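Structure record follows, encoded as structure tokens.
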Amino acid sequence: MTTATTAQGRPEAPARRSATMAQALNQALRDALAADPAVHVMGEDVGTLGGVFRVTDGLAKDFGEDRCTDTPLAEAGILGAAVGMAMYGLRPVVEMQFDAFAYPAFEQLVSHVARMRNRTRGALPLPITVRIPYGGGIGGVEHHSDSSEAYYAHTPGLHVLTPATVEDAYGMLRAAIASDDPVIFLEPKRLYWSKADWSPQEPAAVPPIGRAVVRRTGRTATLVTYGPSLPVCLEAAEAAREEGWDLGVVDLRSLVPFDEETAAAAVRATGRAVVVHESAGFAGMGAEIAARLTERCFHHLEAPVLRVTGFDIPYPPPMLERHHLPGVDRILDAVGRLQWED
Amino acid sequence: MTVLDTPAWRPRADAAPLLPDQEPYRLLGTPAAAELDPGLLRALYGQLVRGRRYNRQATALTKQGRLAVYPSSTGQEACEIAAALALGPRDWLFPSYRDTLAVVARGVDPVEALTLLRGDWHTGYDPRVHRVAPLSTPLSTQLPHAVGLAHAARLSGDAVAALAMVGDGGTSEGDFHEALNFAAVWHAPVVFLVQNNGFAISVPLAKQTAAPTFAHKAVGYGMPGRLVDGNDAPAVHRVLTDAMNRARDGGGPTLVEAVTYRIDAHTNADDATRYRDDDEVAAWRAHDPIELLEREMTARGLLDDDGRQRAADEAETLAADLRERMHADPALDPMELFAHVYAEQTPQLREQAAQLRAELAAEAEADRAQVAEPRS
């Protein structure tokens with residue numbers, strides 16, 4: 001393949017096109033498979049069907065069933081086999097079909113995937129990427145809408161990433177697959193069909209694993225969020241202008257490692273913060289984030305760091321889920337409680 | 001005529017060739033034993049004697065506080081040693097926590113094999129050197145690893161097979177089922193060795209399974225099941241060697257059940273008299289793997305008193321070396337706790353490492369001060 005160059009001799013940027021997050025993820029897998037013969041995609045229905053969300057569409061056809069494999073329906077077996085494959089030098093990319101279907105693999109994850117490097121003093125790092133479609137908002141019946149990030153983030157040895165934009169979906173998945181550590185890659189289901197004008201070559205320059213990004217700077221309060229709640233927070237920030245609030249929004253992108261520097265700097269700039277996520281609040285990521293922000297920013301804070309999260313209930317049936325998910329109003333209510341002085 | 005009468009549905013395999021024999025396969029005490037290679041018998045015998053002595057020494061080390069715990073494989077030495085000797089140089093072994101003997105027989109340093117049980121780290125050896133996975137504590141969870149590694153080897157076009165070891169209790173775990181199913185579907189070059197030693201800690205076989213034998217479980221997955229006398233070292237070696245050769249040659253996985261007995265308690269911390277009769281133990285002592293082998297070798301003129309003494313002396317040398325090296329305190333570096341969590345430490349881990357470093361420095365300072373000003 002030749003690369004067109006401009007009159008100045010620089011490579012011409014490939015044409016930007018409209019793409020969904022699912023398509024960007026597909027492109028990332030495709031490019032990773034092409035770049036490294038050690039990369040193997042595996043999971044339930046990832047082959048002929050192309051995955052229930054079509055993220056692996058066409059990969060088995062183009063790279064063969066040995067590189068994109070329909071496995072038996074057994075999550076512990078899938079992840080356990082991926083451990084052995086990684087021990088032999090391969091770079092497995094595992095798909096767990098839905099968040100709640102990943103739980104059978106939990107023992108393999110916490111007892112082996114997260115610990116093998118440590119157990120063997122670095123002799124056996126496990127470069128495994130576990131892709132998990134997560135979160136609600138798509139009208140899924142029970143067991144199809146969980147947000148399980150806190151379980152994974154609580155397990156030392158795992159990286160936990162969650163993209164919220166089309167660009168990040170591509171760039172962060174490439175980085176996850178290239179990482180020599182195991183990565184839990186949480187894909188926000190309800191953003192699979194979000195679109196952006198995008199070209200696959202550009203996102204190679206997305207910030208690295210472990211870096212948060214300020215999506216919007218603000219002066220009066222800072223929303224700290226990730227994954228499926230980012231668009232909600234950006235919408236809330238837009239709506240807040242009517243109230244006279246200028247809200248900043250931080251997209252964490254990476255829950256482990258957690259970029260305290262970027263988040264704390266954004267919170268210090270406003271002195272007020274609300275952490276937003278859709279998983280249950282009790283003992284959740286928000287508790288950890290709020291505690292760390294409080295420890296680091298205490299003398300800059302005008303008000304306690306608040307959390308807006310899903311309720312501490314089993315994920316609701318689809319006809320009731322809108323009451324559970326943090327929305328613009330609930331976020332703005334919290335902002336209103338940040339001890340404003342009239 | 002329904003669709004079930006057409007080729008649209010038919011059994012995927014003929015079950016009959018997959019079925020195990022009704023009786024455990026034996027060589028010792030049979031006419032076939034006369035054909036056994038003297039070199040193999042001598043190798044097995046020497047290793048069995050060393051293995052038994054190793055178990056005794058390791059158990060003694062628990063009493064001296066040098067090991068946190070030791071799950072002995074006394075009575076099961078034939079399985080342990082035959083498993084290690086059935087491996088080719090490029091094959092991999094996936095042991096459970098009771099399989100230290102197999103790990104040592106594979107070539108891992110006898111002290112490094114005990115690191116987990118001494119407690120100075122979780123694994124003492126580099127698994128890549130002898131192709132031995134870490135001793136697995138969570139039951140059966142190492143079996144899917146063996147399948148994945150074997151599958152990867154096959155995808156890479158390498159003639160490499162994996163041997164995965166598990167006990168009778170471990171067969172009840174879900175990972176046992178998933179591993180065997182994946183292995184059969186993927187036609188992976190892997191051999192599963194179930195050491196049926198009669199007990200899962202205290203729980204006897206009858207409360208563990210209603211299967212005719214563990215070897216019969218193979219049929220449901222579409223792989224052959226083999227049943228072998230687990231105290232007949234040449235028989236275990238033959239069955240495992242055949243299965244590994246078959247795996248390496250593209251023949252797919254095999255499930256082997258070795259019928260044996262755990263002569264010692266579950267670990268040094270267990271009291272086996274609470275759940276089993278002395279009579280039962282005595283019956284199995286009369287079917288001892290070392291004695292069975294000695295009888296055969298003596299009858300064939302391959303072992304005399306000098307040979308026995310030589311094997312005992314070698315075992316004593318191993319035990320003395322183990323004793324001496326295990327009585328030295330292991331070198332501990334607390335800062336290493338942070339060294340292998342990730343390829344690159346997270347900012348949070350860097351902070352925590354700094355905290356521990358400061359605590360260690362303060363401890364060292366306090367120790368120095370105490371030396372400088374001893375209390376009168």
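In the structure tokens, chains take the letters A, B, ... in the order shown, each chain's residues start at 1, and ligands count up from 1 in the order shown.
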Using only C-alpha atoms, find which residues of chain B lie within 8 Å of chain A and jot them down as a count of residues only. 38
So that I can check the surroundings of Phe192 (chain B), please list as JSON, numbers by chain every protein, DNA and RNA residue that reaches within 12 Å of it, counting only C-alpha atoms and ignoring chain neighbours fewer than 3 positions away. {"B": [83, 93, 94, 95, 96, 140, 142, 143, 144, 145, 146, 147, 150, 161, 162, 163, 164, 165, 166, 167, 168, 170, 171, 176, 177, 179, 180, 181, 183, 184, 188, 189, 195, 214, 215, 217, 218, 223, 224, 225, 226, 227, 239, 240, 243, 244, 247, 252, 253, 254, 255, 256, 257, 258]}
Same residues, C-alpha atoms, saved as a PDB file, in the first residue's frame:
ATOM      1  CA  ALA B  83       4.276 -37.818  35.202  1.00  0.00           C
ATOM      2  CA  LEU B  93       3.735 -29.543  33.303  1.00  0.00           C
ATOM      3  CA  PHE B  94       0.798 -27.938  35.139  1.00  0.00           C
ATOM      4  CA  PRO B  95       0.962 -29.136  38.740  1.00  0.00           C
ATOM      5  CA  SER B  96      -1.455 -28.753  41.629  1.00  0.00           C
ATOM      6  CA  SER B 140      -8.505 -27.255  38.781  1.00  0.00           C
ATOM      7  CA  GLN B 142      -4.618 -24.657  36.129  1.00  0.00           C
ATOM      8  CA  LEU B 143      -6.335 -27.090  33.770  1.00  0.00           C
ATOM      9  CA  PRO B 144      -7.683 -24.459  31.336  1.00  0.00           C
ATOM     10  CA  HIS B 145      -4.177 -22.931  31.338  1.00  0.00           C
ATOM     11  CA  ALA B 146      -2.766 -26.248  30.152  1.00  0.00           C
ATOM     12  CA  VAL B 147      -5.414 -26.401  27.436  1.00  0.00           C
ATOM     13  CA  ALA B 150      -1.363 -26.694  24.296  1.00  0.00           C
ATOM     14  CA  ALA B 161       2.092 -31.199  24.666  1.00  0.00           C
ATOM     15  CA  ALA B 162       0.931 -30.238  28.158  1.00  0.00           C
ATOM     16  CA  LEU B 163       0.358 -32.538  31.127  1.00  0.00           C
ATOM     17  CA  ALA B 164      -2.095 -31.212  33.708  1.00  0.00           C
ATOM     18  CA  MET B 165      -2.409 -32.768  37.162  1.00  0.00           C
ATOM     19  CA  VAL B 166      -5.489 -32.723  39.369  1.00  0.00           C
ATOM     20  CA  GLY B 167      -6.909 -34.711  42.281  1.00  0.00           C
ATOM     21  CA  ASP B 168     -10.216 -36.500  42.700  1.00  0.00           C
ATOM     22  CA  GLY B 170     -10.643 -31.165  41.830  1.00  0.00           C
ATOM     23  CA  THR B 171     -12.767 -33.009  39.281  1.00  0.00           C
ATOM     24  CA  PHE B 176     -12.297 -29.302  35.248  1.00  0.00           C
ATOM     25  CA  HIS B 177     -15.362 -29.553  33.060  1.00  0.00           C
ATOM     26  CA  ALA B 179     -10.959 -27.495  30.498  1.00  0.00           C
ATOM     27  CA  LEU B 180     -11.857 -30.963  29.248  1.00  0.00           C
ATOM     28  CA  ASN B 181     -14.556 -29.606  26.985  1.00  0.00           C
ATOM     29  CA  ALA B 183      -9.476 -29.532  25.054  1.00  0.00           C
ATOM     30  CA  ALA B 184     -11.715 -31.932  23.169  1.00  0.00           C
ATOM     31  CA  ALA B 188      -5.623 -29.703  21.999  1.00  0.00           C
ATOM     32  CA  PRO B 189      -2.427 -31.676  22.733  1.00  0.00           C
ATOM     33  CA  GLN B 195      -4.731 -38.781  40.846  1.00  0.00           C
ATOM     34  CA  PHE B 214     -13.164 -40.673  36.705  1.00  0.00           C
ATOM     35  CA  ALA B 215     -11.799 -42.100  33.472  1.00  0.00           C
ATOM     36  CA  LYS B 217     -15.889 -38.824  32.384  1.00  0.00           C
ATOM     37  CA  ALA B 218     -13.675 -38.596  29.281  1.00  0.00           C
ATOM     38  CA  MET B 223     -11.806 -38.046  24.386  1.00  0.00           C
ATOM     39  CA  PRO B 224     -10.438 -41.408  25.456  1.00  0.00           C
ATOM     40  CA  GLY B 225     -10.337 -42.270  29.152  1.00  0.00           C
ATOM     41  CA  ARG B 226      -7.626 -44.509  30.574  1.00  0.00           C
ATOM     42  CA  LEU B 227      -7.609 -46.194  33.959  1.00  0.00           C
ATOM     43  CA  VAL B 239      -0.086 -44.792  29.889  1.00  0.00           C
ATOM     44  CA  LEU B 240       1.062 -41.180  30.217  1.00  0.00           C
ATOM     45  CA  ALA B 243      -1.080 -40.267  25.780  1.00  0.00           C
ATOM     46  CA  MET B 244       1.567 -37.551  25.467  1.00  0.00           C
ATOM     47  CA  ALA B 247      -1.191 -35.580  21.842  1.00  0.00           C
ATOM     48  CA  GLY B 252      -5.927 -34.880  20.744  1.00  0.00           C
ATOM     49  CA  PRO B 253      -6.406 -34.982  24.510  1.00  0.00           C
ATOM     50  CA  THR B 254      -6.648 -37.930  26.920  1.00  0.00           C
ATOM     51  CA  LEU B 255      -8.015 -38.230  30.448  1.00  0.00           C
ATOM     52  CA  VAL B 256      -6.065 -40.615  32.685  1.00  0.00           C
ATOM     53  CA  GLU B 257      -7.274 -41.722  36.094  1.00  0.00           C
ATOM     54  CA  ALA B 258      -4.552 -43.149  38.320  1.00  0.00           C
TER      55      ALA B 258
END
So that I can check the surroundings of Pro234 (chain B), please list as a PDB file with C-alpha atoms, in the first residue's frame every protein, DNA and RNA residue that reaches within 8 Å of it, counting only C-alpha atoms and ignoring chain neighbours fewer than 6 positions away.
ATOM      1  CA  LEU B  27       2.420 -53.924  34.357  1.00  0.00           C
ATOM      2  CA  LEU B  28       4.138 -54.952  37.602  1.00  0.00           C
ATOM      3  CA  LEU B  36      10.210 -53.428  30.699  1.00  0.00           C
ATOM      4  CA  LEU B  40      13.514 -47.049  32.925  1.00  0.00           C
ATOM      5  CA  LEU B  41      12.919 -49.219  36.004  1.00  0.00           C
ATOM      6  CA  LEU B  44      11.802 -44.780  38.293  1.00  0.00           C
ATOM      7  CA  ALA B  82       5.968 -41.097  36.133  1.00  0.00           C
TER       8      ALA B  82
END
So that I can check the surroundings of region 98-114 of chain B, please list as a ChimeraX atom specification every protein, DNA and RNA residue that reaches within 8 Å of it, counting only C-alpha atoms and ignoring chain neighbours fewer than 4 positions away. /B:47,51,54-55,67,71-73,77,80-81,83-85,93,118,123-125,130,132,135,165,322,325-326
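Computed from the coordinates, the CA of Ala175 (chain A) to CA of Asp45 (chain A) distance equals 24.1 Å.
Inside region 100-208 of chain B, the residues DSSP reads as strand (DSSP E or B) when given the backbone are Val132, Ser136, Ala162, Leu163, Ala164, Met165, Val166, Gly167, Val190, Val191, Phe192, Leu193, Val194, Gln195, Asn196, Phe199, Ala200, Val203 and Pro204 of chain B.
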Would you mind exporting the chosen residues as a PDB file, in the first residue's frame, restricted to N, CA and C atoms?
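So out-v3.pdb came out as:
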ATOM      1  N   VAL B 132       7.536 -25.635  33.680  1.00  0.00           N
ATOM      2  CA  VAL B 132       6.683 -26.076  34.782  1.00  0.00           C
ATOM      3  C   VAL B 132       5.900 -24.862  35.271  1.00  0.00           C
ATOM      4  N   SER B 136      -0.435 -24.824  41.500  1.00  0.00           N
ATOM      5  CA  SER B 136      -1.722 -24.123  41.558  1.00  0.00           C
ATOM      6  C   SER B 136      -2.474 -24.493  42.827  1.00  0.00           C
ATOM      7  N   ALA B 162       1.000 -30.652  26.755  1.00  0.00           N
ATOM      8  CA  ALA B 162       0.931 -30.238  28.158  1.00  0.00           C
ATOM      9  C   ALA B 162       0.340 -31.380  28.979  1.00  0.00           C
ATOM     10  N   LEU B 163       0.892 -31.546  30.191  1.00  0.00           N
ATOM     11  CA  LEU B 163       0.358 -32.538  31.127  1.00  0.00           C
ATOM     12  C   LEU B 163      -0.163 -31.796  32.353  1.00  0.00           C
ATOM     13  N   ALA B 164      -1.460 -31.958  32.613  1.00  0.00           N
ATOM     14  CA  ALA B 164      -2.095 -31.212  33.708  1.00  0.00           C
ATOM     15  C   ALA B 164      -2.518 -32.186  34.799  1.00  0.00           C
ATOM     16  N   MET B 165      -2.160 -31.862  36.036  1.00  0.00           N
ATOM     17  CA  MET B 165      -2.409 -32.768  37.162  1.00  0.00           C
ATOM     18  C   MET B 165      -3.511 -32.221  38.062  1.00  0.00           C
ATOM     19  N   VAL B 166      -4.365 -33.129  38.523  1.00  0.00           N
ATOM     20  CA  VAL B 166      -5.489 -32.723  39.369  1.00  0.00           C
ATOM     21  C   VAL B 166      -5.837 -33.903  40.263  1.00  0.00           C
ATOM     22  N   GLY B 167      -6.508 -33.636  41.380  1.00  0.00           N
ATOM     23  CA  GLY B 167      -6.909 -34.711  42.281  1.00  0.00           C
ATOM     24  C   GLY B 167      -8.370 -35.078  42.090  1.00  0.00           C
ATOM     25  N   VAL B 190      -3.127 -32.116  24.998  1.00  0.00           N
ATOM     26  CA  VAL B 190      -3.034 -32.018  26.461  1.00  0.00           C
ATOM     27  C   VAL B 190      -3.492 -33.336  27.070  1.00  0.00           C
ATOM     28  N   VAL B 191      -2.845 -33.708  28.160  1.00  0.00           N
ATOM     29  CA  VAL B 191      -3.214 -34.928  28.890  1.00  0.00           C
ATOM     30  C   VAL B 191      -3.579 -34.527  30.316  1.00  0.00           C
ATOM     31  N   PHE B 192      -4.731 -34.990  30.776  1.00  0.00           N
ATOM     32  CA  PHE B 192      -5.176 -34.708  32.143  1.00  0.00           C
ATOM     33  C   PHE B 192      -4.918 -35.947  32.993  1.00  0.00           C
ATOM     34  N   LEU B 193      -4.180 -35.762  34.072  1.00  0.00           N
ATOM     35  CA  LEU B 193      -3.929 -36.876  34.991  1.00  0.00           C
ATOM     36  C   LEU B 193      -4.701 -36.621  36.287  1.00  0.00           C
ATOM     37  N   VAL B 194      -5.720 -37.441  36.524  1.00  0.00           N
ATOM     38  CA  VAL B 194      -6.446 -37.371  37.799  1.00  0.00           C
ATOM     39  C   VAL B 194      -5.815 -38.379  38.740  1.00  0.00           C
ATOM     40  N   GLN B 195      -5.214 -37.877  39.809  1.00  0.00           N
ATOM     41  CA  GLN B 195      -4.731 -38.781  40.846  1.00  0.00           C
ATOM     42  C   GLN B 195      -5.876 -38.998  41.822  1.00  0.00           C
ATOM     43  N   ASN B 196      -6.500 -40.139  41.713  1.00  0.00           N
ATOM     44  CA  ASN B 196      -7.591 -40.474  42.622  1.00  0.00           C
ATOM     45  C   ASN B 196      -6.973 -41.091  43.870  1.00  0.00           C
ATOM     46  N   PHE B 199      -9.385 -39.277  48.827  1.00  0.00           N
ATOM     47  CA  PHE B 199      -9.937 -38.242  49.696  1.00  0.00           C
ATOM     48  C   PHE B 199      -9.668 -36.840  49.155  1.00  0.00           C
ATOM     49  N   ALA B 200     -10.651 -35.962  49.358  1.00  0.00           N
ATOM     50  CA  ALA B 200     -10.433 -34.526  49.181  1.00  0.00           C
ATOM     51  C   ALA B 200     -10.418 -33.951  50.603  1.00  0.00           C
ATOM     52  N   VAL B 203     -13.080 -35.659  52.684  1.00  0.00           N
ATOM     53  CA  VAL B 203     -14.301 -36.131  52.023  1.00  0.00           C
ATOM     54  C   VAL B 203     -13.973 -37.304  51.093  1.00  0.00           C
ATOM     55  N   PRO B 204     -14.588 -38.464  51.351  1.00  0.00           N
ATOM     56  CA  PRO B 204     -14.263 -39.649  50.548  1.00  0.00           C
ATOM     57  C   PRO B 204     -14.912 -39.589  49.172  1.00  0.00           C
TER      58      PRO B 204
END
